[in-house]
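Enquirer: Okay, so here is query.txt, and as you'll see once you scroll down, it has compact mmCIF, C-alpha atoms and all ligand atoms.
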```
# COMPACT_ATOMS: atom_id res chain seq x y z
CA MET A 861 2.88 35.06 -96.73
CA ARG A 862 3.44 35.85 -100.39
CA LYS A 863 6.87 36.60 -101.86
CA GLY A 864 6.03 40.26 -102.38
CA GLU A 865 5.17 40.66 -98.71
CA ILE A 866 8.49 39.21 -97.59
CA LEU A 867 10.27 41.62 -99.89
CA SER A 868 8.30 44.52 -98.50
CA ILE A 869 9.41 43.61 -94.95
CA ILE A 870 13.01 43.49 -96.11
CA GLY A 871 12.47 46.79 -97.92
CA ILE A 872 11.26 48.53 -94.80
CA PHE A 873 14.12 47.30 -92.68
CA ALA A 874 16.70 47.98 -95.34
CA ASN A 875 15.54 51.61 -95.58
CA PRO A 876 14.16 52.45 -92.16
CA GLN A 877 13.24 56.00 -91.31
CA VAL A 878 16.00 56.31 -88.77
CA ASN A 879 14.86 59.57 -87.29
CA PRO A 880 11.33 60.16 -88.57
CA ARG A 881 10.98 63.43 -86.68
CA GLY A 882 14.20 64.98 -87.97
CA GLU A 883 17.78 65.26 -86.71
CA ASP A 884 17.24 67.37 -83.60
CA SER A 885 13.96 65.95 -82.42
CA ASN A 886 13.46 63.64 -79.50
CA LEU A 887 13.46 59.90 -80.12
CA ILE A 888 11.51 57.52 -77.92
CA ILE A 889 12.73 53.94 -78.04
CA LEU A 890 11.03 50.79 -76.77
CA GLY A 891 13.53 48.11 -75.70
CA PHE A 892 13.05 44.37 -75.06
CA GLU A 893 15.28 42.08 -73.01
CA SER A 894 14.62 38.32 -73.07
CA SER A 895 18.05 36.68 -73.26
CA CYS A 896 17.80 34.52 -70.14
CA ASP A 897 15.47 34.50 -67.14
CA GLU A 898 14.26 38.09 -66.96
CA THR A 899 11.66 39.62 -69.26
CA GLY A 900 12.33 43.35 -69.38
CA VAL A 901 10.73 46.21 -71.27
CA GLY A 902 12.10 49.77 -71.18
CA ILE A 903 11.10 53.09 -72.72
CA TYR A 904 13.96 55.55 -73.17
CA SER A 905 13.77 59.06 -74.56
CA ILE A 906 16.82 60.83 -75.98
CA ASN A 907 15.71 64.09 -74.31
CA GLN A 908 14.21 62.83 -71.05
CA GLY A 909 16.22 59.66 -70.34
CA LEU A 910 14.42 56.60 -68.98
CA ILE A 911 10.66 57.19 -68.94
CA SER A 912 9.50 53.81 -67.65
CA HIS A 913 10.44 50.16 -67.45
CA SER A 914 8.79 46.91 -66.40
CA LEU A 915 10.41 43.65 -65.42
CA HIS A 916 9.51 40.09 -64.55
CA SER A 917 12.08 37.75 -63.01
CA GLN A 918 11.68 34.00 -63.54
CA ILE A 919 13.73 33.09 -60.47
CA GLN A 920 10.83 31.30 -58.75
CA LEU A 921 10.06 29.35 -61.92
CA HIS A 922 13.59 27.91 -62.15
CA GLU A 923 14.36 27.66 -58.44
CA ASN A 924 13.21 24.03 -58.11
CA TYR A 925 15.52 22.94 -60.93
CA GLY A 926 18.64 24.61 -59.52
CA GLY A 927 19.21 26.55 -62.74
CA VAL A 928 17.52 28.04 -65.78
CA VAL A 929 15.45 25.56 -67.85
CA PRO A 930 15.58 27.03 -71.39
CA GLU A 931 12.19 25.76 -72.59
CA LEU A 932 10.40 27.07 -69.49
CA ALA A 933 12.22 30.38 -69.89
CA SER A 934 11.01 30.84 -73.48
CA ARG A 935 7.41 29.99 -72.59
CA ASP A 936 7.40 32.39 -69.68
CA HIS A 937 8.83 35.24 -71.80
CA LEU A 938 6.02 34.61 -74.25
CA LYS A 939 3.44 34.70 -71.47
CA ARG A 940 4.69 37.99 -69.96
CA ILE A 941 6.11 40.16 -72.69
CA ILE A 942 2.89 41.74 -74.00
CA ASN A 943 1.55 42.66 -70.55
CA LEU A 944 4.92 44.06 -69.52
CA THR A 945 4.90 46.18 -72.68
CA LYS A 946 1.41 47.47 -71.87
CA THR A 947 2.55 48.32 -68.32
CA ALA A 948 5.64 50.18 -69.54
CA LEU A 949 3.56 52.15 -72.06
CA SER A 950 0.86 53.03 -69.55
CA ASP A 951 3.47 54.04 -66.91
CA ALA A 952 5.08 56.27 -69.54
CA LYS A 953 1.59 57.62 -70.42
CA ILE A 954 2.20 57.07 -74.12
CA THR A 955 0.89 54.78 -76.84
CA LEU A 956 2.75 52.64 -79.35
CA ASP A 957 2.12 55.35 -81.95
CA GLU A 958 4.49 57.64 -80.07
CA ILE A 959 7.38 55.16 -80.20
CA ASP A 960 10.04 56.09 -82.78
CA GLY A 961 12.14 52.92 -82.75
CA ILE A 962 12.52 49.47 -81.24
CA ALA A 963 15.49 47.63 -79.79
CA TYR A 964 15.79 44.03 -78.68
CA THR A 965 18.53 41.81 -77.31
CA ARG A 966 19.89 39.92 -80.30
CA GLY A 967 22.39 37.94 -78.23
CA PRO A 968 24.20 36.39 -76.53
CA GLY A 969 21.66 34.26 -74.67
CA LEU A 970 19.31 31.30 -74.91
CA ALA A 971 18.08 30.86 -78.49
CA GLY A 972 14.41 30.25 -77.68
CA ALA A 973 14.31 33.09 -75.17
CA LEU A 974 15.98 35.53 -77.58
CA LEU A 975 13.46 34.61 -80.29
CA VAL A 976 10.57 35.86 -78.13
CA GLY A 977 12.00 39.38 -77.81
CA ALA A 978 13.08 39.39 -81.46
CA SER A 979 9.59 38.36 -82.67
CA VAL A 980 7.71 40.95 -80.64
CA ALA A 981 10.20 43.72 -81.46
CA THR A 982 10.27 43.12 -85.19
CA SER A 983 6.48 42.66 -85.39
CA ILE A 984 5.86 46.04 -83.77
CA ALA A 985 8.54 47.69 -85.90
CA TYR A 986 6.99 46.20 -89.04
CA THR A 987 3.42 47.20 -88.27
CA LYS A 988 4.38 50.68 -87.08
CA ARG A 989 6.98 51.12 -89.83
CA ILE A 990 9.69 52.27 -87.48
CA PRO A 991 13.36 51.24 -87.26
CA CYS A 992 14.42 48.21 -85.26
CA ALA A 993 17.88 47.44 -83.85
CA GLY A 994 19.03 44.03 -82.58
CA VAL A 995 21.61 44.87 -79.91
CA HIS A 996 24.28 43.14 -77.85
CA HIS A 997 23.27 42.19 -74.31
CA LEU A 998 26.70 42.90 -72.83
CA GLU A 999 26.84 46.31 -74.49
CA GLY A 1000 23.57 46.99 -72.68
CA HIS A 1001 25.27 46.12 -69.37
CA ILE A 1002 28.26 48.32 -70.26
CA LEU A 1003 26.01 51.36 -70.79
CA SER A 1004 23.65 50.58 -67.88
CA PRO A 1005 25.36 53.04 -65.47
CA PHE A 1006 24.16 55.80 -67.83
CA ILE A 1007 20.47 54.92 -67.56
CA ASN A 1008 19.85 57.58 -64.95
CA THR A 1009 22.57 60.10 -65.69
CA GLU A 1010 23.60 62.35 -68.55
CA LYS A 1011 27.23 62.31 -67.44
CA ARG A 1012 29.26 60.22 -69.85
CA ASP A 1013 32.98 60.70 -69.75
CA PHE A 1014 35.00 58.47 -72.04
CA PRO A 1015 37.29 56.56 -71.91
CA PHE A 1016 36.66 54.28 -68.96
CA LEU A 1017 37.27 50.74 -67.81
CA THR A 1018 34.30 48.40 -67.43
CA LEU A 1019 34.34 45.49 -65.05
CA LEU A 1020 31.55 43.33 -66.44
CA VAL A 1021 30.59 40.70 -63.90
CA SER A 1022 27.47 38.70 -64.69
CA GLY A 1023 26.22 35.13 -64.56
CA GLY A 1024 27.90 34.29 -67.86
CA HIS A 1025 30.76 36.79 -68.15
CA THR A 1026 33.69 38.24 -66.25
CA GLN A 1027 35.49 40.73 -68.43
CA LEU A 1028 37.59 43.87 -68.25
CA ILE A 1029 36.84 46.12 -71.20
CA GLU A 1030 38.33 49.46 -72.19
CA VAL A 1031 35.44 51.59 -73.42
CA LYS A 1032 36.68 54.35 -75.72
CA ALA A 1033 33.22 55.46 -76.90
CA VAL A 1034 29.80 53.92 -77.44
CA GLY A 1035 30.53 50.99 -79.76
CA GLU A 1036 34.34 51.09 -79.31
CA TYR A 1037 35.40 48.34 -76.96
CA LEU A 1038 38.73 46.68 -76.31
CA LEU A 1039 38.65 43.41 -74.41
CA LEU A 1040 41.53 43.43 -71.91
CA GLY A 1041 40.75 40.39 -69.79
CA ASP A 1042 38.29 37.51 -69.70
CA THR A 1043 37.54 34.48 -67.60
CA ARG A 1044 39.19 31.23 -68.61
CA ASP A 1045 36.51 29.09 -67.00
CA ASP A 1046 33.65 30.00 -64.67
CA ALA A 1047 32.19 33.49 -64.67
CA ALA A 1048 32.10 35.32 -61.32
CA GLY A 1049 28.29 35.01 -61.07
CA GLU A 1050 28.51 31.32 -61.94
CA ALA A 1051 31.12 30.82 -59.17
CA PHE A 1052 28.83 32.63 -56.71
CA ASP A 1053 25.86 30.49 -57.80
CA LYS A 1054 27.75 27.18 -57.62
CA THR A 1055 29.19 27.97 -54.19
CA ALA A 1056 25.77 29.05 -52.96
CA LYS A 1057 24.33 25.74 -54.16
CA LEU A 1058 27.01 23.84 -52.20
CA LEU A 1059 25.91 25.76 -49.13
CA GLY A 1060 22.31 24.72 -49.74
CA LEU A 1061 21.08 28.09 -50.99
CA PRO A 1062 18.48 28.24 -53.77
CA TYR A 1063 19.29 29.38 -57.32
CA PRO A 1064 20.51 31.97 -58.20
CA GLY A 1065 22.48 32.11 -55.02
CA GLY A 1066 24.79 35.12 -55.52
CA ALA A 1067 22.74 37.63 -53.52
CA LYS A 1068 21.75 35.02 -50.92
CA LEU A 1069 25.37 33.95 -50.43
CA SER A 1070 26.26 37.58 -49.92
CA GLU A 1071 23.55 37.90 -47.26
CA LEU A 1072 24.83 34.77 -45.49
CA ALA A 1073 28.41 36.11 -45.67
CA LYS A 1074 27.39 39.13 -43.58
CA ASN A 1075 27.17 36.80 -40.53
CA GLY A 1076 30.57 35.19 -41.13
CA SER A 1077 34.27 35.96 -41.10
CA GLY A 1078 36.18 36.43 -44.34
CA GLN A 1079 39.35 35.26 -42.59
CA ALA A 1080 37.92 31.94 -41.37
CA TYR A 1081 39.15 29.94 -44.37
CA GLU A 1082 42.08 30.67 -46.63
CA PHE A 1083 40.73 30.18 -50.13
CA PRO A 1084 42.95 30.69 -53.20
CA ARG A 1085 43.01 33.97 -55.13
CA PRO A 1086 43.53 32.45 -58.62
CA MET A 1087 45.75 34.18 -61.21
CA LEU A 1088 46.54 37.16 -59.00
CA ASP A 1089 50.28 36.77 -59.53
CA GLN A 1090 50.06 36.35 -63.28
CA ASP A 1091 51.01 39.13 -65.62
CA ASN A 1092 47.70 39.34 -67.47
CA LEU A 1093 44.16 40.59 -66.88
CA ASP A 1094 42.39 37.22 -67.15
CA PHE A 1095 40.41 35.47 -64.46
CA SER A 1096 39.87 31.86 -63.42
CA PHE A 1097 37.45 30.83 -60.70
CA SER A 1098 37.18 27.06 -61.04
CA GLY A 1099 40.07 26.49 -58.56
CA LEU A 1100 38.34 28.65 -55.97
CA LYS A 1101 35.11 26.73 -56.45
CA THR A 1102 37.01 23.41 -56.13
CA ALA A 1103 38.54 24.58 -52.83
CA VAL A 1104 35.03 25.14 -51.46
CA VAL A 1105 33.83 21.77 -52.87
CA ASN A 1106 36.76 20.00 -51.16
CA LEU A 1107 36.03 21.68 -47.86
CA VAL A 1108 32.33 20.81 -47.96
CA ASN A 1109 33.05 17.21 -49.10
CA LYS A 1110 35.61 16.75 -46.32
CA SER A 1111 33.12 17.70 -43.68
CA SER A 1112 30.48 15.36 -45.10
CA GLU A 1113 33.04 12.49 -45.31
CA GLU A 1114 33.77 13.12 -41.66
CA ARG A 1115 30.00 13.01 -41.13
CA LYS A 1116 30.03 16.52 -39.75
CA THR A 1117 27.11 18.78 -40.50
CA LEU A 1118 28.15 22.30 -41.32
CA SER A 1119 26.90 24.60 -38.60
CA GLU A 1120 25.25 27.89 -39.45
CA THR A 1121 28.49 29.62 -38.40
CA ASN A 1122 30.58 27.34 -40.66
CA ARG A 1123 28.32 28.10 -43.61
CA ALA A 1124 28.48 31.84 -42.98
CA ASP A 1125 32.28 31.66 -42.61
CA ILE A 1126 32.63 29.73 -45.89
CA ALA A 1127 30.38 32.25 -47.65
CA ALA A 1128 32.33 35.21 -46.24
CA SER A 1129 35.75 33.66 -47.02
CA PHE A 1130 34.64 32.81 -50.57
CA GLU A 1131 33.28 36.32 -51.09
CA ASP A 1132 36.48 37.82 -49.71
CA ALA A 1133 38.62 35.76 -52.11
CA ILE A 1134 36.59 36.39 -55.27
CA THR A 1135 36.20 40.11 -54.63
CA ASP A 1136 39.95 40.40 -53.90
CA VAL A 1137 40.63 38.99 -57.36
CA LEU A 1138 38.05 41.22 -59.09
CA VAL A 1139 39.37 44.35 -57.38
CA SER A 1140 43.02 43.55 -57.86
CA LYS A 1141 42.65 42.81 -61.60
CA SER A 1142 40.56 45.96 -62.08
CA LEU A 1143 43.27 48.06 -60.42
CA LYS A 1144 45.89 46.45 -62.59
CA ALA A 1145 43.87 47.28 -65.73
CA LEU A 1146 43.33 50.90 -64.62
CA ARG A 1147 47.05 51.36 -64.03
CA THR A 1148 48.13 49.61 -67.24
CA LYS A 1149 45.75 51.65 -69.38
CA HIS A 1150 46.16 54.90 -67.40
CA LEU A 1151 42.41 55.13 -66.90
CA LYS A 1152 40.81 57.13 -64.10
CA ARG A 1153 37.26 55.83 -64.25
CA LEU A 1154 35.86 52.38 -63.51
CA VAL A 1155 32.32 51.34 -64.34
CA VAL A 1156 30.96 48.15 -62.77
CA SER A 1157 28.18 46.33 -64.62
CA GLY A 1158 26.30 43.03 -64.48
CA GLY A 1159 24.52 41.15 -61.71
CA VAL A 1160 27.58 40.68 -59.47
CA GLY A 1161 27.98 44.47 -59.54
CA ALA A 1162 25.19 44.48 -56.94
CA ASN A 1163 27.52 42.74 -54.47
CA SER A 1164 28.05 44.99 -51.45
CA ALA A 1165 31.47 43.54 -50.48
CA LEU A 1166 32.76 44.23 -54.00
CA ARG A 1167 31.39 47.78 -53.89
CA LYS A 1168 32.95 48.42 -50.48
CA LYS A 1169 36.41 47.26 -51.62
CA LEU A 1170 36.22 49.23 -54.87
CA ASP A 1171 35.09 52.39 -53.07
CA GLN A 1172 37.99 52.03 -50.67
CA ALA A 1173 40.43 51.49 -53.54
CA SER A 1174 38.99 54.55 -55.38
CA GLU A 1175 39.82 56.71 -52.39
CA ASN A 1176 43.32 55.32 -52.02
CA GLU A 1177 44.26 55.33 -55.69
CA ASP A 1178 42.47 58.39 -57.01
CA PHE A 1179 40.04 56.96 -59.54
CA GLU A 1180 36.29 57.19 -59.79
CA THR A 1181 33.98 54.17 -59.59
CA LEU A 1182 30.48 54.26 -61.06
CA TYR A 1183 27.73 51.70 -60.58
CA PRO A 1184 24.35 51.32 -62.20
CA PRO A 1185 21.49 51.65 -59.71
CA ILE A 1186 21.08 48.21 -58.06
CA GLU A 1187 17.84 47.49 -59.97
CA PHE A 1188 19.73 47.88 -63.28
CA CYS A 1189 22.69 45.68 -62.31
CA THR A 1190 20.81 42.54 -63.30
CA ASP A 1191 19.11 42.07 -66.67
CA ASN A 1192 16.51 44.68 -67.60
CA GLY A 1193 14.80 46.31 -70.58
CA ALA A 1194 15.92 49.84 -69.66
CA MET A 1195 19.54 49.21 -70.69
CA ILE A 1196 18.39 47.74 -74.01
CA ALA A 1197 16.17 50.77 -74.71
CA LEU A 1198 19.07 53.11 -73.86
CA LEU A 1199 21.44 51.19 -76.13
CA GLY A 1200 18.79 51.10 -78.88
CA ALA A 1201 18.42 54.87 -78.61
CA GLU A 1202 22.19 55.25 -79.17
CA LYS A 1203 22.15 52.92 -82.16
CA ILE A 1204 19.00 54.28 -83.79
CA LYS A 1205 20.06 57.92 -83.22
CA ASN A 1206 23.25 57.15 -85.12
CA GLY A 1207 21.54 55.04 -87.77
CA VAL A 1208 23.36 51.86 -86.70
CA LEU A 1209 20.74 49.14 -87.00
CA GLY A 1210 22.93 46.13 -87.71
CA PRO A 1211 21.69 43.33 -89.94
CA ALA A 1212 18.07 43.00 -91.03
CA PRO A 1213 15.91 42.25 -88.02
CA PHE A 1214 14.49 38.97 -86.92
CA ASP A 1215 17.94 37.78 -86.33
CA ILE A 1216 19.34 36.34 -83.11
CA LYS A 1217 22.89 35.44 -82.12
CA PRO A 1218 22.95 33.11 -79.10
CA ARG A 1219 26.78 33.14 -79.18
CA TRP A 1220 28.12 36.60 -79.91
CA PRO A 1221 31.48 37.92 -78.69
CA LEU A 1222 31.26 41.60 -77.72
CA THR A 1223 34.28 42.57 -79.82
CA GLN A 1224 32.58 41.44 -83.05
O1 LIG B 1301 23.77 40.24 -65.25
P1 LIG B 1301 22.88 39.17 -64.71
O2 LIG B 1301 21.53 39.56 -64.21
O3 LIG B 1301 22.60 38.06 -65.75
C1 LIG B 1301 23.50 37.63 -66.71
O4 LIG B 1301 23.56 38.28 -67.78
O5 LIG B 1301 24.20 36.65 -66.38
O6 LIG B 1301 23.72 38.45 -63.55
C2 LIG B 1301 23.19 37.40 -62.79
C3 LIG B 1301 24.27 36.92 -61.83
C4 LIG B 1301 23.85 35.65 -61.08
O7 LIG B 1301 24.93 34.74 -61.13
C5 LIG B 1301 23.60 36.14 -59.66
O8 LIG B 1301 23.82 35.17 -58.67
C6 LIG B 1301 24.61 37.27 -59.56
O9 LIG B 1301 24.53 37.92 -60.83
N1 LIG B 1301 24.28 38.23 -58.48
C7 LIG B 1301 25.09 38.43 -57.41
C8 LIG B 1301 24.43 39.39 -56.60
N2 LIG B 1301 23.25 39.73 -57.21
C9 LIG B 1301 23.19 39.01 -58.37
N3 LIG B 1301 26.27 37.90 -57.08
C10 LIG B 1301 26.84 38.31 -55.93
N4 LIG B 1301 26.26 39.22 -55.09
C11 LIG B 1301 25.07 39.79 -55.38
N5 LIG B 1301 24.53 40.68 -54.55
ZN ZN B 1302 23.03 40.09 -68.19
```
Mind turning this structure into structure tokens?
Ligand code: KG4
Ligand code: ZN
Expert:
Amino acid sequence: MRKGEILSIIGIFANPQVNPRGEDSNLIILGFESSCDETGVGIYSINQGLISHSLHSQIQLHENYGGVVPELASRDHLKRIINLTKTALSDAKITLDEIDGIAYTRGPGLAGALLVGASVATSIAYTKRIPCAGVHHLEGHILSPFINTEKRDFPFLTLLVSGGHTQLIEVKAVGEYLLLGDTRDDAAGEAFDKTAKLLGLPYPGGAKLSELAKNGSGQAYEFPRPMLDQDNLDFSFSGLKTAVVNLVNKSSEERKTLSETNRADIAASFEDAITDVLVSKSLKALRTKHLKRLVVSGGVGANSALRKKLDQASENEDFETLYPPIEFCTDNGAMIALLGAEKIKNGVLGPAPFDIKPRWPLTQ
């Protein structure tokens, strides 16, 4: 590529036509998610909401390794992303020429995986001469409950519970976030996955552990509820995980095989403990900040025990709890397209594209 060509790319992105059809017209945004082990493509219209989305999960690919293998993840994103884009476009019954802007997950996430979404997004934006926004993955999760609804009442509290994050965030408006509490060690999803692994369940074990827990008793084992008594909104789950490790190790030292009932009881008692902590800290944050609305986002937001406890608490304490539809709790392209639509509508594109940020705190 010659120097002039590089400059022309920079020129386009420095002066993108933010709303090529004019202020009041509809905008249709194509969004790409490739931060970890899901390749997601979404098409979101300002006027019609989500038009289509396509998704491929790499769970089977990584299952044998007990966790995500970054190099395999990047290669698989590369293999899938174009076909998923074609599927999303054909489901939406539109062509690339009808897309007004592009969004992609800029971070946080795995560098190689992020680069795949960034490359495809910026290439399309360049060839079609449309704006491109690199957006924050966690902000996508925060807005995911709005994928299928026009109702957006600010402010609210977000409980963001994913494989990499456990945070309580006060959301004052789109783009205005105040971090109230964070995990000091393991994220909730990570604690679910590690405990599931101890119980012999394949990766990622969160949903499978929850299924197993349905056959057990939450009162069978008394696991710790870390940091519940402390006067802050932070979390810590490593002690809870260690309690399960000790229990499992003790039984293997005693050469006892855990029965199916034991395993289900451990799963249920673990789930009871971790959801107690998540609910209790969320209630504390709602009270402290005088908020009346709680939005639950991220993969662990699909957990039925957590939902049941929060619904019960909502009734008792007079606040509203909103969840994204289950299919949008885990990573997806729809939330990135929605977030991109917000950014592009308001002309907030961030730095010049083809930029990724594997480590990127939400509050920056
Ligand atoms: O938000 P997400 O798809 O990816 C990240 O950005 O991390 O969350 C994935 C996490 C995994 O740890 C997975 O085990 C957990 O969400 N998860 C669940 C459930 N479904 C997914 N954890 C508990 N119960 C579930 N039903
Ligand atoms: Zn996520």
Enquirer: I'd like the contact shell of Leu1017 of chain A - 10 Å cut-off, all atoms listed in the file, skipping same-chain residues fewer than 3 positions apart - returned as a PyMOL selection string.
Expert: chain A and resi 1002+1014+1020+1028-1032+1037-1040+1142-1143+1145-1146+1149-1156+1181
Enquirer: Which residues form the shell of 6 Å around ligand ZN 1302 (chain B) when you count all atoms listed in the file, given as number ranges by chain?
Expert: A: 1022, 1158, 1190-1191
Enquirer: From the options A:Lys1068, A:Arg966, A:Lys1057, A:Lys1205, which residue's atoms come nearest to ligand LIG 1301 (chain B), counting only C-alpha atoms and all ligand atoms?
Expert: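 Distance minimum relative to ligand LIG 1301 (chain B) lands on A:Lys1068.
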Enquirer: List as a PyMOL selection string the protein and nucleic acid residues near segment 908-923 of chain A, meaning an atom at most 8 Å away when only C-alpha atoms are counted, but skip any in the same chain fewer than 3 places from it.
Expert: chain A and resi 897-905+926-929+932-933+936+940+944-945+947-949+951-952+1007-1009+1062-1064+1192-1194+1198
Enquirer: Collect all residues with atoms no farther than 7 Å from ligand LIG 1301 (chain B), counting all atoms listed in the file, and output them as a PyMOL selection string.
Expert: chain A and resi 1021-1025+1049-1050+1052-1053+1064-1067+1070+1158-1164+1189-1191
Enquirer: Can you work out which one of A:Gly1041, A:Leu1072, A:Asn924, A:His996 has the shortest atom-to-atom distance to Glu1120 of chain A, counting all atoms listed in the file?
Expert: A:Leu1072
